[in-house]
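S.K.: Below is the file start.pdb, which contains PDB, C-alpha atoms, pLDDT in the B column.
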```
ATOM      1  CA  MET H 224       0.000   0.000   0.000  1.00 85.00           C
ATOM      2  CA  ARG H 225       1.632   3.193  -1.235  1.00 91.00           C
ATOM      3  CA  CYS H 226       1.567   6.001   1.313  1.00 94.00           C
ATOM      4  CA  ILE H 227       2.925   9.483   2.011  1.00 95.00           C
ATOM      5  CA  ILE H 228       3.447  11.587   5.134  1.00 95.00           C
ATOM      6  CA  ILE H 229       2.356  15.231   5.268  1.00 95.00           C
ATOM      7  CA  GLU H 230       3.804  16.555   8.515  1.00 94.00           C
ATOM      8  CA  ASP H 231       5.897  19.638   9.281  1.00 92.00           C
ATOM      9  CA  GLN H 232       7.476  18.474  12.567  1.00 93.00           C
ATOM     10  CA  PRO H 233      10.662  16.367  12.137  1.00 93.00           C
ATOM     11  CA  PRO H 234      10.124  14.306  15.355  1.00 93.00           C
ATOM     12  CA  ALA H 235       6.631  13.335  14.196  1.00 93.00           C
ATOM     13  CA  GLN H 236       7.998  12.525  10.738  1.00 94.00           C
ATOM     14  CA  ARG H 237      10.594  10.193  12.276  1.00 94.00           C
ATOM     15  CA  ILE H 238       7.990   8.344  14.354  1.00 94.00           C
ATOM     16  CA  LEU H 239       5.715   7.835  11.357  1.00 95.00           C
ATOM     17  CA  LYS H 240       8.620   6.651   9.217  1.00 94.00           C
ATOM     18  CA  LYS H 241       9.565   4.102  11.882  1.00 92.00           C
ATOM     19  CA  TYR H 242       5.990   2.844  12.252  1.00 91.00           C
ATOM     20  CA  ILE H 243       5.568   2.566   8.473  1.00 91.00           C
ATOM     21  CA  ASP H 244       8.838   0.651   8.201  1.00 88.00           C
ATOM     22  CA  ASP H 245       7.719  -1.752  10.940  1.00 83.00           C
ATOM     23  CA  MET H 246       4.365  -2.298   9.216  1.00 78.00           C
ATOM     24  CA  GLY H 247       5.177  -4.555   6.290  1.00 72.00           C
ATOM     25  CA  ALA H 248       2.027  -3.722   4.313  1.00 78.00           C
ATOM     26  CA  LEU H 249       3.069  -0.092   3.725  1.00 87.00           C
ATOM     27  CA  GLU H 250       5.453   1.442   1.179  1.00 90.00           C
ATOM     28  CA  LEU H 251       6.496   5.033   1.927  1.00 93.00           C
ATOM     29  CA  ARG H 252       6.639   7.088  -1.289  1.00 93.00           C
ATOM     30  CA  GLY H 253       7.303  10.568   0.112  1.00 94.00           C
ATOM     31  CA  VAL H 254       7.502  12.887   3.138  1.00 95.00           C
ATOM     32  CA  PHE H 255       6.260  16.475   2.811  1.00 95.00           C
ATOM     33  CA  SER H 256       6.328  19.430   5.196  1.00 93.00           C
ATOM     34  CA  ASP H 257       3.335  21.156   3.639  1.00 90.00           C
ATOM     35  CA  ALA H 258       0.249  20.208   1.655  1.00 90.00           C
ATOM     36  CA  ILE H 259       1.213  22.196  -1.462  1.00 90.00           C
ATOM     37  CA  GLN H 260       4.249  19.993  -2.074  1.00 88.00           C
ATOM     38  CA  ALA H 261       2.159  16.900  -1.467  1.00 90.00           C
ATOM     39  CA  MET H 262      -0.556  18.063  -3.861  1.00 88.00           C
ATOM     40  CA  GLU H 263       1.959  18.319  -6.697  1.00 86.00           C
ATOM     41  CA  PHE H 264       3.302  14.841  -5.915  1.00 89.00           C
ATOM     42  CA  ILE H 265      -0.167  13.244  -5.743  1.00 88.00           C
ATOM     43  CA  GLY H 266      -0.926  14.731  -9.154  1.00 82.00           C
ATOM     44  CA  LYS H 267       1.965  12.749 -10.638  1.00 84.00           C
ATOM     45  CA  GLU H 268       2.143   9.565  -8.535  1.00 85.00           C
ATOM     46  CA  PRO H 269      -0.596   7.075  -7.530  1.00 87.00           C
ATOM     47  CA  ILE H 270      -1.025   7.101  -3.728  1.00 89.00           C
ATOM     48  CA  ASP H 271      -3.295   4.820  -1.692  1.00 90.00           C
ATOM     49  CA  LEU H 272      -3.013   6.357   1.778  1.00 93.00           C
ATOM     50  CA  MET H 273      -1.746   9.582   3.321  1.00 94.00           C
ATOM     51  CA  PHE H 274      -0.914  10.372   6.930  1.00 96.00           C
ATOM     52  CA  LEU H 275      -1.994  13.991   7.211  1.00 94.00           C
ATOM     53  CA  ASP H 276      -1.309  16.490   9.981  1.00 93.00           C
ATOM     54  CA  ILE H 277      -3.931  19.196  10.498  1.00 90.00           C
ATOM     55  CA  HIS H 278      -1.775  22.163  11.590  1.00 89.00           C
ATOM     56  CA  LEU H 279       0.445  22.759   8.569  1.00 91.00           C
ATOM     57  CA  PRO H 280       2.078  25.855   7.030  1.00 88.00           C
ATOM     58  CA  LYS H 281       0.453  27.527   3.974  1.00 86.00           C
ATOM     59  CA  ILE H 282      -2.756  25.457   4.105  1.00 89.00           C
ATOM     60  CA  SER H 283      -4.236  23.350   6.900  1.00 89.00           C
ATOM     61  CA  GLY H 284      -4.858  19.650   6.541  1.00 88.00           C
ATOM     62  CA  ILE H 285      -8.622  20.188   6.685  1.00 87.00           C
ATOM     63  CA  ASP H 286      -8.532  22.834   3.961  1.00 89.00           C
ATOM     64  CA  PHE H 287      -6.303  20.540   1.919  1.00 89.00           C
ATOM     65  CA  LEU H 288      -8.956  17.815   2.142  1.00 87.00           C
ATOM     66  CA  LYS H 289     -11.664  20.286   1.149  1.00 86.00           C
ATOM     67  CA  SER H 290      -9.707  21.154  -1.991  1.00 87.00           C
ATOM     68  CA  MET H 291      -9.386  17.548  -3.213  1.00 84.00           C
ATOM     69  CA  GLN H 292     -12.047  15.929  -5.381  1.00 79.00           C
ATOM     70  CA  ASN H 293     -10.796  12.335  -5.149  1.00 80.00           C
ATOM     71  CA  PRO H 294      -8.344  12.138  -2.255  1.00 82.00           C
ATOM     72  CA  PRO H 295      -6.538   8.941  -1.279  1.00 87.00           C
ATOM     73  CA  LYS H 296      -7.503   7.227   1.966  1.00 90.00           C
ATOM     74  CA  VAL H 297      -6.600   9.556   4.851  1.00 92.00           C
ATOM     75  CA  ILE H 298      -5.452   8.970   8.419  1.00 93.00           C
ATOM     76  CA  LEU H 299      -5.234  12.267  10.282  1.00 92.00           C
ATOM     77  CA  THR H 300      -2.419  12.755  12.787  1.00 92.00           C
ATOM     78  CA  THR H 301      -2.708  15.690  15.168  1.00 88.00           C
ATOM     79  CA  ALA H 302      -2.149  16.868  18.719  1.00 87.00           C
ATOM     80  CA  PHE H 303      -5.560  18.567  18.766  1.00 81.00           C
ATOM     81  CA  PRO H 304      -8.830  16.669  19.340  1.00 79.00           C
ATOM     82  CA  ASP H 305     -11.018  19.635  18.300  1.00 77.00           C
ATOM     83  CA  TYR H 306     -11.279  18.672  14.620  1.00 70.00           C
ATOM     84  CA  ALA H 307     -12.329  15.040  15.065  1.00 71.00           C
ATOM     85  CA  LEU H 308     -16.013  15.583  14.305  1.00 70.00           C
ATOM     86  CA  GLU H 309     -15.383  17.820  11.307  1.00 70.00           C
ATOM     87  CA  SER H 310     -12.771  15.470   9.872  1.00 68.00           C
ATOM     88  CA  TYR H 311     -15.187  12.572   9.525  1.00 68.00           C
ATOM     89  CA  GLU H 312     -17.232  14.630   7.065  1.00 72.00           C
ATOM     90  CA  PHE H 313     -14.378  13.850   4.651  1.00 76.00           C
ATOM     91  CA  ASN H 314     -14.546  10.064   5.243  1.00 77.00           C
ATOM     92  CA  VAL H 315     -11.168   9.878   6.949  1.00 86.00           C
ATOM     93  CA  VAL H 316     -10.147   6.369   7.959  1.00 86.00           C
ATOM     94  CA  ASP H 317      -9.052   7.312  11.471  1.00 88.00           C
ATOM     95  CA  TYR H 318      -8.015  10.202  13.687  1.00 88.00           C
ATOM     96  CA  LEU H 319      -4.726   9.590  15.505  1.00 90.00           C
ATOM     97  CA  LEU H 320      -4.188  11.859  18.480  1.00 88.00           C
ATOM     98  CA  LYS H 321      -0.504  12.506  19.216  1.00 89.00           C
ATOM     99  CA  PRO H 322       1.356  10.913  20.842  1.00 88.00           C
ATOM    100  CA  PHE H 323       0.036   7.562  19.628  1.00 88.00           C
ATOM    101  CA  SER H 324       1.511   4.089  20.090  1.00 89.00           C
ATOM    102  CA  PHE H 325       2.551   1.662  17.381  1.00 87.00           C
ATOM    103  CA  GLN H 326      -0.404  -0.542  18.343  1.00 83.00           C
ATOM    104  CA  ARG H 327      -2.815   2.366  17.801  1.00 87.00           C
ATOM    105  CA  PHE H 328      -1.131   3.074  14.462  1.00 90.00           C
ATOM    106  CA  VAL H 329      -1.590  -0.558  13.392  1.00 86.00           C
ATOM    107  CA  LYS H 330      -5.247  -0.437  14.396  1.00 84.00           C
ATOM    108  CA  ALA H 331      -5.783   2.649  12.232  1.00 87.00           C
ATOM    109  CA  VAL H 332      -4.070   1.147   9.184  1.00 88.00           C
ATOM    110  CA  SER H 333      -6.033  -2.096   9.577  1.00 82.00           C
ATOM    111  CA  LYS H 334      -9.230  -0.131   8.924  1.00 80.00           C
ATOM    112  CA  VAL H 335      -8.149   0.753   5.421  1.00 78.00           C
ATOM    113  CA  SER H 336      -9.912  -1.073   2.613  1.00 51.00           C
ATOM    114  CA  LEU H 337      -8.437  -0.085  -0.737  1.00 40.00           C
ATOM    115  CA  LYS H 338     -10.236  -0.261  -4.058  1.00 36.00           C
ATOM    116  CA  THR H 339      -7.914  -1.026  -6.926  1.00 37.00           C
ATOM    117  CA  ILE H 340      -8.623  -1.323 -10.628  1.00 30.00           C
ATOM    118  CA  THR H 341      -7.728  -4.541 -12.430  1.00 33.00           C
ATOM    119  CA  PRO H 342      -6.446  -4.472 -16.043  1.00 36.00           C
ATOM    120  CA  GLN H 343      -9.975  -5.436 -17.139  1.00 33.00           C
ATOM    121  CA  GLY H 344     -11.384  -2.364 -15.382  1.00 34.00           C
ATOM    122  CA  ASP H 345     -13.188  -4.263 -12.620  1.00 34.00           C
ATOM    123  CA  THR H 346     -13.218  -2.837  -9.113  1.00 30.00           C
ATOM    124  CA  VAL H 347     -11.752  -5.180  -6.504  1.00 35.00           C
ATOM    125  CA  ALA H 348     -11.811  -4.624  -2.743  1.00 35.00           C
ATOM    126  CA  VAL H 349      -8.433  -5.362  -1.207  1.00 38.00           C
ATOM    127  CA  SER H 350      -8.377  -5.850   2.548  1.00 39.00           C
ATOM    128  CA  THR H 351      -5.251  -4.566   4.297  1.00 43.00           C
ATOM    129  CA  LYS H 352      -5.983  -6.079   7.708  1.00 45.00           C
ATOM    130  CA  GLU H 353      -2.521  -7.570   7.885  1.00 51.00           C
ATOM    131  CA  HIS H 354      -1.112  -7.860  11.351  1.00 55.00           C
ATOM    132  CA  PRO H 355       2.592  -7.145  11.819  1.00 61.00           C
ATOM    133  CA  LYS H 356       5.012  -9.905  12.772  1.00 77.00           C
ATOM    134  CA  GLU H 357       6.362  -7.749  15.592  1.00 78.00           C
ATOM    135  CA  ILE H 358       4.754  -5.458  18.118  1.00 80.00           C
ATOM    136  CA  TYR H 359       6.077  -2.797  20.473  1.00 78.00           C
ATOM    137  CA  ILE H 360       5.020  -3.118  24.098  1.00 79.00           C
ATOM    138  CA  LYS H 361       5.053   0.058  26.152  1.00 75.00           C
ATOM    139  CA  SER H 362       6.497  -0.767  29.548  1.00 71.00           C
ATOM    140  CA  GLY H 363       7.164   2.310  31.685  1.00 71.00           C
ATOM    141  CA  TYR H 364       9.301   4.638  29.573  1.00 70.00           C
ATOM    142  CA  GLU H 365      10.424   1.835  27.251  1.00 75.00           C
ATOM    143  CA  HIS H 366       8.982   0.423  24.043  1.00 77.00           C
ATOM    144  CA  ILE H 367      10.059  -3.219  23.848  1.00 82.00           C
ATOM    145  CA  LYS H 368       9.918  -5.075  20.544  1.00 82.00           C
ATOM    146  CA  VAL H 369       8.358  -8.529  20.792  1.00 85.00           C
ATOM    147  CA  VAL H 370       7.841 -11.086  18.034  1.00 87.00           C
ATOM    148  CA  ILE H 371       4.112 -11.871  18.065  1.00 89.00           C
ATOM    149  CA  ALA H 372       4.674 -15.571  17.370  1.00 90.00           C
ATOM    150  CA  ASP H 373       6.771 -15.781  20.571  1.00 93.00           C
ATOM    151  CA  ILE H 374       3.932 -14.636  22.844  1.00 94.00           C
ATOM    152  CA  ILE H 375       2.650 -17.615  24.837  1.00 96.00           C
ATOM    153  CA  HIS H 376      -0.161 -15.963  26.763  1.00 96.00           C
ATOM    154  CA  ILE H 377      -1.286 -12.660  28.215  1.00 95.00           C
ATOM    155  CA  GLU H 378      -2.625 -12.337  31.722  1.00 94.00           C
ATOM    156  CA  SER H 379      -4.563  -9.536  33.362  1.00 90.00           C
ATOM    157  CA  ASP H 380      -3.040  -8.259  36.607  1.00 79.00           C
ATOM    158  CA  ALA H 381      -5.207  -5.514  38.157  1.00 72.00           C
ATOM    159  CA  ASP H 382      -4.468  -2.342  36.135  1.00 76.00           C
ATOM    160  CA  TYR H 383      -1.772  -4.037  34.039  1.00 85.00           C
ATOM    161  CA  THR H 384      -1.290  -6.990  31.725  1.00 90.00           C
ATOM    162  CA  GLU H 385       1.614  -9.422  31.689  1.00 92.00           C
ATOM    163  CA  ILE H 386       2.831 -10.535  28.274  1.00 93.00           C
ATOM    164  CA  ILE H 387       4.524 -13.896  28.740  1.00 94.00           C
ATOM    165  CA  ILE H 388       7.062 -15.117  26.224  1.00 92.00           C
ATOM    166  CA  GLU H 389       9.534 -17.933  26.688  1.00 81.00           C
ATOM    167  CA  HIS H 390      11.790 -17.382  29.734  1.00 77.00           C
ATOM    168  CA  LYS H 391      10.548 -13.822  30.387  1.00 86.00           C
ATOM    169  CA  LYS H 392       7.536 -11.566  30.706  1.00 88.00           C
ATOM    170  CA  HIS H 393       6.778  -7.901  30.094  1.00 88.00           C
ATOM    171  CA  LEU H 394       4.422  -5.687  32.053  1.00 87.00           C
ATOM    172  CA  SER H 395       2.144  -3.469  29.970  1.00 85.00           C
ATOM    173  CA  SER H 396      -0.298  -0.711  30.922  1.00 80.00           C
ATOM    174  CA  GLU H 397      -2.666  -1.765  28.115  1.00 82.00           C
ATOM    175  CA  SER H 398      -5.855  -3.636  29.000  1.00 84.00           C
ATOM    176  CA  LEU H 399      -6.623  -7.245  28.124  1.00 86.00           C
ATOM    177  CA  LYS H 400      -9.376  -5.970  25.810  1.00 85.00           C
ATOM    178  CA  PHE H 401      -6.749  -3.923  23.956  1.00 82.00           C
ATOM    179  CA  TRP H 402      -4.665  -7.042  23.289  1.00 86.00           C
ATOM    180  CA  GLU H 403      -7.762  -9.001  22.288  1.00 84.00           C
ATOM    181  CA  ASP H 404      -8.554  -6.347  19.658  1.00 80.00           C
ATOM    182  CA  THR H 405      -4.951  -5.843  18.520  1.00 80.00           C
ATOM    183  CA  LEU H 406      -3.501  -9.342  18.161  1.00 84.00           C
ATOM    184  CA  PRO H 407      -4.487 -11.560  15.193  1.00 83.00           C
ATOM    185  CA  SER H 408      -7.759 -13.285  16.110  1.00 82.00           C
ATOM    186  CA  ASP H 409      -6.883 -16.409  14.115  1.00 83.00           C
ATOM    187  CA  GLN H 410      -3.948 -17.037  16.461  1.00 89.00           C
ATOM    188  CA  PHE H 411      -4.933 -15.569  19.845  1.00 91.00           C
ATOM    189  CA  PHE H 412      -8.050 -16.449  21.812  1.00 93.00           C
ATOM    190  CA  ARG H 413      -9.482 -15.204  25.083  1.00 93.00           C
ATOM    191  CA  ILE H 414     -10.223 -18.260  27.237  1.00 94.00           C
ATOM    192  CA  HIS H 415     -10.992 -16.467  30.504  1.00 94.00           C
ATOM    193  CA  ARG H 416     -11.713 -12.964  31.747  1.00 92.00           C
ATOM    194  CA  SER H 417      -8.046 -12.837  32.809  1.00 94.00           C
ATOM    195  CA  HIS H 418      -6.279 -14.819  30.056  1.00 95.00           C
ATOM    196  CA  ILE H 419      -5.549 -14.672  26.327  1.00 95.00           C
ATOM    197  CA  ILE H 420      -3.527 -17.522  24.857  1.00 96.00           C
ATOM    198  CA  ASN H 421      -1.581 -18.140  21.671  1.00 94.00           C
ATOM    199  CA  THR H 422      -3.387 -21.187  20.278  1.00 93.00           C
ATOM    200  CA  GLU H 423      -0.169 -22.324  18.592  1.00 93.00           C
ATOM    201  CA  LYS H 424       1.362 -22.796  22.050  1.00 94.00           C
ATOM    202  CA  ILE H 425      -1.248 -25.299  23.295  1.00 94.00           C
ATOM    203  CA  GLU H 426       0.008 -28.688  24.408  1.00 93.00           C
ATOM    204  CA  LYS H 427      -3.332 -30.219  25.434  1.00 91.00           C
ATOM    205  CA  LEU H 428      -6.802 -29.574  26.862  1.00 91.00           C
ATOM    206  CA  VAL H 429      -7.888 -31.372  30.031  1.00 91.00           C
ATOM    207  CA  GLY H 430     -11.376 -30.651  31.330  1.00 89.00           C
ATOM    208  CA  ASN H 431     -11.618 -26.943  32.044  1.00 91.00           C
ATOM    209  CA  GLN H 432      -7.880 -26.347  31.767  1.00 93.00           C
ATOM    210  CA  VAL H 433      -5.469 -25.683  28.921  1.00 94.00           C
ATOM    211  CA  TYR H 434      -1.845 -26.792  29.143  1.00 95.00           C
ATOM    212  CA  LEU H 435       0.669 -24.601  27.302  1.00 94.00           C
ATOM    213  CA  LEU H 436       4.091 -25.554  25.954  1.00 92.00           C
ATOM    214  CA  ASN H 437       5.910 -23.449  28.575  1.00 91.00           C
ATOM    215  CA  GLY H 438       4.347 -25.481  31.412  1.00 92.00           C
ATOM    216  CA  SER H 439       1.578 -22.991  32.260  1.00 93.00           C
ATOM    217  CA  ILE H 440      -1.820 -24.449  33.173  1.00 95.00           C
ATOM    218  CA  LEU H 441      -4.661 -21.958  32.745  1.00 95.00           C
ATOM    219  CA  PRO H 442      -8.398 -22.183  33.483  1.00 95.00           C
ATOM    220  CA  ILE H 443     -10.980 -22.000  30.712  1.00 94.00           C
ATOM    221  CA  GLY H 444     -13.845 -19.731  31.720  1.00 92.00           C
ATOM    222  CA  ARG H 445     -17.364 -21.120  31.438  1.00 89.00           C
ATOM    223  CA  ALA H 446     -18.458 -18.256  29.163  1.00 89.00           C
ATOM    224  CA  TYR H 447     -15.591 -18.936  26.733  1.00 89.00           C
ATOM    225  CA  LYS H 448     -15.376 -22.731  26.770  1.00 89.00           C
ATOM    226  CA  ASP H 449     -17.891 -23.786  24.098  1.00 87.00           C
ATOM    227  CA  GLU H 450     -16.590 -21.409  21.438  1.00 87.00           C
ATOM    228  CA  PHE H 451     -12.967 -22.126  22.342  1.00 89.00           C
ATOM    229  CA  VAL H 452     -13.297 -25.924  22.245  1.00 85.00           C
ATOM    230  CA  LYS H 453     -15.289 -25.773  19.003  1.00 83.00           C
ATOM    231  CA  ARG H 454     -12.627 -23.646  17.392  1.00 81.00           C
ATOM    232  CA  ILE H 455      -9.719 -25.805  18.550  1.00 81.00           C
ATOM    233  CA  LEU H 456     -11.318 -29.116  17.582  1.00 75.00           C
ATOM    234  CA  ASN H 457     -12.352 -27.776  14.176  1.00 69.00           C
TER     235      ASN H 457
END
```
In structure tokens, how does this file's structure come out?

M.R.:
Amino acid sequence: MRCIIIEDQPPAQRILKKYIDDMGALELRGVFSDAIQAMEFIGKEPIDLMFLDIHLPKISGIDFLKSMQNPPKVILTTAFPDYALESYEFNVVDYLLKPFSFQRFVKAVSKVSLKTITPQGDTVAVSTKEHPKEIYIKSGYEHIKVVIADIIHIESDADYTEIIIEHKKHLSSESLKFWEDTLPSDQFFRIHRSHIINTEKIEKLVGNQVYLLNGSILPIGRAYKDEFVKRILN
């Protein structure tokens, strides 16, 4: 998915570049400090998605959108929440409020559904809900990179969640619901109000318990059991 950044602050540009690089489904085609430069580029190059700041020199992001007849998909990035309602009049994909995490960025990009034209002229919907192979976990002042396939299970601990990988665990301030929504649903399943497991790490099921490859034995909640067992056995 071909994308550009329209952002006048170098720190914000660097963060977006890093997130785009970490998200394998995106190809960065250009970085622009104002909308005028971007407008000229879009007129020459096909672009699928743009990350657009609102407060820009020369012309604001909102006014830029108003001037475009057929804009690419747009994810707004801004430090100001005031324009959220107005922005959705332009069918923006999402509204990212700075500072935003990599997980929030991924969630925004996953909402994009591109329409491309085949050589025969047919319109085809292309889903871009591709989850990254790696994820950054915010722990205190650190952002720790974790390979998603290495996650064994996630456990709720009061106001925090513990992300358990082999031989170590990371403490995150994100909720269990956040991880349930963020991680690929074909691989991770919530089996209890306090537990999400990586189904590829299951050793066996015994009654109302699941045994994982790292030796953990976790309960299966009554409300989750039927759907979980049906999914595993199928």

S.K.: Expressed in Å to a single decimal, how great is the separation between atom CA of Arg416 of chain H and atom CA of Ala381 of chain H?

M.R.: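 Atom CA of Ala381 of chain H lies 11.8 Å from atom CA of Arg416 of chain H.
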
S.K.: Contacts of His376 of chain H at 7 Å or less, counting all atoms listed in the file, minus same-chain residues fewer than 2 places along, as a list of chain:residue names?

M.R.: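 So the residues in contact are H:Ile374, H:Glu378, H:Ile386, H:Ile387, H:Ile419, H:Ile420, H:Asn421.
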
S.K.: Mind listing as number ranges by chain all residues within 7 Å of (-5.8, 13.0, 11.5), counting all atoms listed in the file?

M.R.: H: 275-277, 298-301, 317-319

S.K.: Quote the spacing between atom CA of Asn314 of chain H and atom CA of Ile270 of chain H in Å to one decimal place.

M.R.: 16.5 Å

S.K.: Evaluate the PyMOL selection byres ((chain H and resi 257) around 10) and record the selected residues as an mmCIF file with C-alpha atoms, in the coordinates of the input, following the chain and residue labels used in the document.

M.R.:
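File part.cif, as written:
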```cif
data_model
loop_
_atom_site.group_PDB
_atom_site.id
_atom_site.type_symbol
_atom_site.label_atom_id
_atom_site.label_comp_id
_atom_site.auth_asym_id
_atom_site.auth_seq_id
_atom_site.Cartn_x
_atom_site.Cartn_y
_atom_site.Cartn_z
ATOM 1 C CA ILE H 228 3.447 11.587 5.134
ATOM 2 C CA ILE H 229 2.356 15.231 5.268
ATOM 3 C CA GLU H 230 3.804 16.555 8.515
ATOM 4 C CA ASP H 231 5.897 19.638 9.281
ATOM 5 C CA VAL H 254 7.502 12.887 3.138
ATOM 6 C CA PHE H 255 6.260 16.475 2.811
ATOM 7 C CA SER H 256 6.328 19.430 5.196
ATOM 8 C CA ALA H 258 0.249 20.208 1.655
ATOM 9 C CA ILE H 259 1.213 22.196 -1.462
ATOM 10 C CA GLN H 260 4.249 19.993 -2.074
ATOM 11 C CA ALA H 261 2.159 16.900 -1.467
ATOM 12 C CA MET H 262 -0.556 18.063 -3.861
ATOM 13 C CA LEU H 275 -1.994 13.991 7.211
ATOM 14 C CA ASP H 276 -1.309 16.490 9.981
ATOM 15 C CA HIS H 278 -1.775 22.163 11.590
ATOM 16 C CA LEU H 279 0.445 22.759 8.569
ATOM 17 C CA PRO H 280 2.078 25.855 7.030
ATOM 18 C CA LYS H 281 0.453 27.527 3.974
ATOM 19 C CA ILE H 282 -2.756 25.457 4.105
ATOM 20 C CA SER H 283 -4.236 23.350 6.900
ATOM 21 C CA GLY H 284 -4.858 19.650 6.541
ATOM 22 C CA PHE H 287 -6.303 20.540 1.919
#
```

S.K.: Could you tell me which residues the PyMOL selection byres ((chain H and resi 354-366) around 12) returns for this structure, as an MDAnalysis selection string?

M.R.: chainID H and resid 241:249 323:334 350:353 367:374 383:387 392:398 401:402 404:410

S.K.: Can segment 418-430 of chain H be brought up to N, CA and C atoms and written out as a PDB file, in the coordinates of the input?

M.R.:
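Listing of selection-v4.pdb after writing:
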```
ATOM      1  N   HIS H 418      -7.319 -14.160  30.850  1.00 95.00           N
ATOM      2  CA  HIS H 418      -6.279 -14.819  30.056  1.00 95.00           C
ATOM      3  C   HIS H 418      -6.588 -14.804  28.557  1.00 95.00           C
ATOM      4  N   ILE H 419      -5.555 -14.467  27.776  1.00 95.00           N
ATOM      5  CA  ILE H 419      -5.549 -14.672  26.327  1.00 95.00           C
ATOM      6  C   ILE H 419      -4.381 -15.599  26.024  1.00 95.00           C
ATOM      7  N   ILE H 420      -4.614 -16.591  25.160  1.00 96.00           N
ATOM      8  CA  ILE H 420      -3.527 -17.522  24.857  1.00 96.00           C
ATOM      9  C   ILE H 420      -3.229 -17.517  23.358  1.00 96.00           C
ATOM     10  N   ASN H 421      -1.992 -17.882  23.049  1.00 94.00           N
ATOM     11  CA  ASN H 421      -1.581 -18.140  21.671  1.00 94.00           C
ATOM     12  C   ASN H 421      -1.939 -19.597  21.387  1.00 94.00           C
ATOM     13  N   THR H 422      -2.907 -19.826  20.508  1.00 93.00           N
ATOM     14  CA  THR H 422      -3.387 -21.187  20.278  1.00 93.00           C
ATOM     15  C   THR H 422      -2.312 -22.098  19.691  1.00 93.00           C
ATOM     16  N   GLU H 423      -1.258 -21.509  19.129  1.00 93.00           N
ATOM     17  CA  GLU H 423      -0.169 -22.324  18.592  1.00 93.00           C
ATOM     18  C   GLU H 423       0.741 -22.854  19.699  1.00 93.00           C
ATOM     19  N   LYS H 424       0.538 -22.372  20.918  1.00 94.00           N
ATOM     20  CA  LYS H 424       1.362 -22.796  22.050  1.00 94.00           C
ATOM     21  C   LYS H 424       0.641 -23.802  22.950  1.00 94.00           C
ATOM     22  N   ILE H 425      -0.494 -24.334  22.495  1.00 94.00           N
ATOM     23  CA  ILE H 425      -1.248 -25.299  23.295  1.00 94.00           C
ATOM     24  C   ILE H 425      -0.589 -26.676  23.211  1.00 94.00           C
ATOM     25  N   GLU H 426      -0.461 -27.304  24.372  1.00 93.00           N
ATOM     26  CA  GLU H 426       0.008 -28.688  24.408  1.00 93.00           C
ATOM     27  C   GLU H 426      -1.183 -29.645  24.445  1.00 93.00           C
ATOM     28  N   LYS H 427      -2.153 -29.358  25.333  1.00 91.00           N
ATOM     29  CA  LYS H 427      -3.332 -30.219  25.434  1.00 91.00           C
ATOM     30  C   LYS H 427      -4.428 -29.517  26.228  1.00 91.00           C
ATOM     31  N   LEU H 428      -5.660 -30.023  26.081  1.00 91.00           N
ATOM     32  CA  LEU H 428      -6.802 -29.574  26.862  1.00 91.00           C
ATOM     33  C   LEU H 428      -7.220 -30.705  27.784  1.00 91.00           C
ATOM     34  N   VAL H 429      -7.437 -30.382  29.054  1.00 91.00           N
ATOM     35  CA  VAL H 429      -7.888 -31.372  30.031  1.00 91.00           C
ATOM     36  C   VAL H 429      -9.020 -30.749  30.832  1.00 91.00           C
ATOM     37  N   GLY H 430     -10.243 -31.198  30.604  1.00 89.00           N
ATOM     38  CA  GLY H 430     -11.376 -30.651  31.330  1.00 89.00           C
ATOM     39  C   GLY H 430     -11.527 -29.163  31.071  1.00 89.00           C
TER      40      GLY H 430
END
```
